[in-house]
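Colleague: Have a peek at upload.txt (compact mmCIF, C-alpha atoms).
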# COMPACT_ATOMS: atom_id res chain seq x y z
CA MET A 1 -9.05 12.54 12.86
CA THR A 2 -6.04 11.04 11.09
CA LEU A 3 -5.80 7.28 10.75
CA LEU A 4 -2.33 5.75 11.14
CA VAL A 5 -1.95 2.60 9.02
CA LEU A 6 1.05 0.22 9.04
CA PHE A 7 1.55 -2.41 6.36
CA ALA A 8 4.01 -5.02 7.69
CA THR A 9 5.35 -7.59 5.25
CA ASP A 10 8.40 -9.72 4.56
CA TYR A 11 8.20 -8.78 0.88
CA LEU A 12 10.08 -5.88 -0.71
CA ASP A 13 8.54 -2.50 -1.32
CA VAL A 14 7.82 -0.99 -4.71
CA ALA A 15 11.23 0.75 -4.79
CA GLN A 16 12.91 -2.67 -5.11
CA GLY A 17 10.26 -5.08 -6.29
CA ASN A 18 7.50 -4.64 -8.80
CA GLY A 19 5.26 -7.62 -8.12
CA GLY A 20 1.58 -7.57 -7.33
CA GLY A 21 2.00 -7.39 -3.56
CA GLU A 22 4.43 -4.50 -3.74
CA ARG A 23 2.31 -2.59 -6.25
CA ASN A 24 -0.93 -3.12 -4.29
CA THR A 25 0.66 -1.99 -1.03
CA HIS A 26 2.00 1.14 -2.74
CA GLU A 27 -1.39 1.95 -4.29
CA LEU A 28 -3.13 1.43 -0.93
CA CYS A 29 -0.65 3.80 0.74
CA LEU A 30 -1.31 6.43 -1.91
CA ALA A 31 -5.07 6.01 -1.44
CA PHE A 32 -4.76 6.38 2.34
CA GLN A 33 -2.67 9.53 1.82
CA ALA A 34 -5.26 10.97 -0.56
CA ALA A 35 -7.88 10.41 2.15
CA GLY A 36 -5.77 12.39 4.63
CA ASP A 37 -4.45 9.41 6.55
CA GLU A 38 -0.83 8.50 7.34
CA PRO A 39 0.34 5.14 5.93
CA ALA A 40 3.68 3.44 6.61
CA VAL A 41 5.31 0.25 5.35
CA SER A 42 7.64 -2.14 7.16
CA CYS A 43 9.28 -4.40 4.58
CA ASP A 44 12.30 -6.43 3.56
CA LEU A 45 15.42 -5.10 1.85
CA ARG A 46 17.13 -7.06 -0.94
CA MET A 47 20.90 -6.69 -0.69
CA ASN A 48 21.62 -6.19 -4.40
CA GLY A 49 24.15 -3.35 -4.31
CA SER A 50 21.70 -0.72 -5.56
CA LEU A 51 21.72 2.92 -4.48
CA LEU A 52 18.68 2.23 -2.26
CA VAL A 53 20.60 -0.50 -0.40
CA TRP A 54 23.68 1.67 0.08
CA SER A 55 21.66 4.65 1.33
CA SER A 56 19.69 2.34 3.67
CA ARG A 57 22.89 0.89 5.09
CA LEU A 58 24.34 4.39 5.57
CA ARG A 59 21.18 5.54 7.39
CA ARG A 60 21.47 2.59 9.77
CA LYS A 61 25.16 3.33 10.42
CA LEU A 62 24.37 6.97 11.22
CA ALA A 63 21.71 5.94 13.74
CA PRO A 64 23.30 3.21 15.91
CA GLY A 65 20.85 0.79 17.46
CA ARG A 66 18.29 1.20 14.69
CA GLU A 67 17.46 -2.07 12.94
CA TYR A 68 15.60 -0.51 10.03
CA SER A 69 16.48 2.29 7.66
CA ARG A 70 13.65 4.79 7.33
CA ASP A 71 12.86 7.14 4.47
CA ARG A 72 9.97 8.89 2.75
CA SER A 73 11.17 8.63 -0.84
CA LEU A 74 7.85 7.12 -1.92
CA GLY A 75 5.82 9.84 -0.21
CA TYR A 76 5.13 7.83 2.96
CA LEU A 77 7.30 6.26 5.66
CA ALA A 78 9.06 3.07 4.56
CA CYS A 79 11.10 1.06 7.08
CA ARG A 80 13.36 -1.43 5.35
CA GLY A 81 15.35 -4.09 7.13
Take the structure from the file and write it as structure tokens.
Modeller:
Amino acid sequence: MTLLVLFATDYLDVAQGNGGGERNTHELCLAFQAAGDEPAVSCDLRMNGSLLVWSSRLRRKLAPGREYSRDRSLGYLACRG
């Protein structure tokens, strides 16, 4: 049986921020994956002009009505908004 785990936060994810909360969430997601579970993160997006921000904005434009961009660049689902 696969466990689905969602981490919802108003902080950034490890792709944009490297604080303790971001790092711990990332490590927990990797541990859940190693155990055969399916983690996901819903987090904030800092509008700083980085490639991540531009690709997130493009993903939202290509999917009208979607509030969050979604990708698996970290190995698990990350929804940034």
Colleague: Nearest residue to Cys29 in chain A out of A:Cys79, A:Cys43, A:Phe7, A:Arg59, using all atoms listed in the file?
Modeller: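 Checking each candidate against Cys29 in chain A, we get A:Phe7 as the closest.
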Colleague: For Leu4 in chain A, please output as a PyMOL selection string all residues within 7 Å (counting all atoms listed in the file; exclusion window: fewer than 3 positions along the same chain).
Modeller: chain A and resi 37-39
Colleague: Just checking: using only C-alpha atoms, which residue out of A:Leu28, A:Met47, A:Gly81, A:Ala34 ends up closest to Asp10 in chain A?
Modeller: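 Once distances to Asp10 in chain A are computed over only C-alpha atoms, the minimum belongs to A:Gly81.
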Colleague: Using all atoms listed in the file, can you tell me which of A:Met1, A:Ala78, A:Ala8, A:Ala31 comes closest to Ser56 in chain A?
Modeller: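 Ranking A:Met1, A:Ala78, A:Ala8, A:Ala31 by distance to Ser56 in chain A, first place goes to A:Ala78.
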Colleague: Contacts of Ser42 in chain A at 12 Å or less, counting all atoms listed in the file, minus same-chain residues fewer than 3 places along, as a compact mmCIF listing (two decimals) with C-alpha atoms, in the coordinates of the input?
Modeller:
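The resulting file, result_35.txt, is reproduced below:
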# COMPACT_ATOMS: atom_id res chain seq x y z
CA VAL A 5 -1.95 2.60 9.02
CA LEU A 6 1.05 0.22 9.04
CA PHE A 7 1.55 -2.41 6.36
CA ALA A 8 4.01 -5.02 7.69
CA THR A 9 5.35 -7.59 5.25
CA ASP A 10 8.40 -9.72 4.56
CA TYR A 11 8.20 -8.78 0.88
CA LEU A 12 10.08 -5.88 -0.71
CA ASP A 13 8.54 -2.50 -1.32
CA VAL A 14 7.82 -0.99 -4.71
CA GLU A 22 4.43 -4.50 -3.74
CA THR A 25 0.66 -1.99 -1.03
CA HIS A 26 2.00 1.14 -2.74
CA PRO A 39 0.34 5.14 5.93
CA LEU A 45 15.42 -5.10 1.85
CA GLU A 67 17.46 -2.07 12.94
CA TYR A 68 15.60 -0.51 10.03
CA SER A 69 16.48 2.29 7.66
CA ARG A 70 13.65 4.79 7.33
CA ASP A 71 12.86 7.14 4.47
CA TYR A 76 5.13 7.83 2.96
CA LEU A 77 7.30 6.26 5.66
CA ALA A 78 9.06 3.07 4.56
CA CYS A 79 11.10 1.06 7.08
CA ARG A 80 13.36 -1.43 5.35
CA GLY A 81 15.35 -4.09 7.13
Colleague: Can you measure CA of Gly36 in chain A to CA of Ser55 in chain A for me? One decimal in Å is fine.
Modeller: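 CA of Ser55 in chain A lies 28.7 Å from CA of Gly36 in chain A.
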Colleague: With distances taken over only C-alpha atoms, which residue among A:Arg72, A:Gly65, A:Trp54, A:Gly17 lies nearest Val41 in chain A?
Modeller: A:Arg72
Colleague: Extending 8 Å beyond the listed atoms of range 41-46 of chain A on each side, what axis-aligned box results? I want centre and edge lengths in Å to one decimal, as lines of an AutoDock Vina configuration file.
Modeller:
center_x = 11.2
center_y = -3.4
center_z = 3.1
size_x = 27.8
size_y = 23.3
size_z = 24.1
Colleague: Can you measure CA of Gln33 in chain A to CA of Leu62 in chain A for me? One decimal in Å is fine.
Modeller: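 Here the two named atoms are 28.7 Å from each other.
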Colleague: Can you tell me how far CA of Asn18 in chain A sits from CA of Ala40 in chain A, in Å to one decimal?
Modeller: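 About the pair CA of Asn18 in chain A and CA of Ala40 in chain A: they are 17.8 Å apart.
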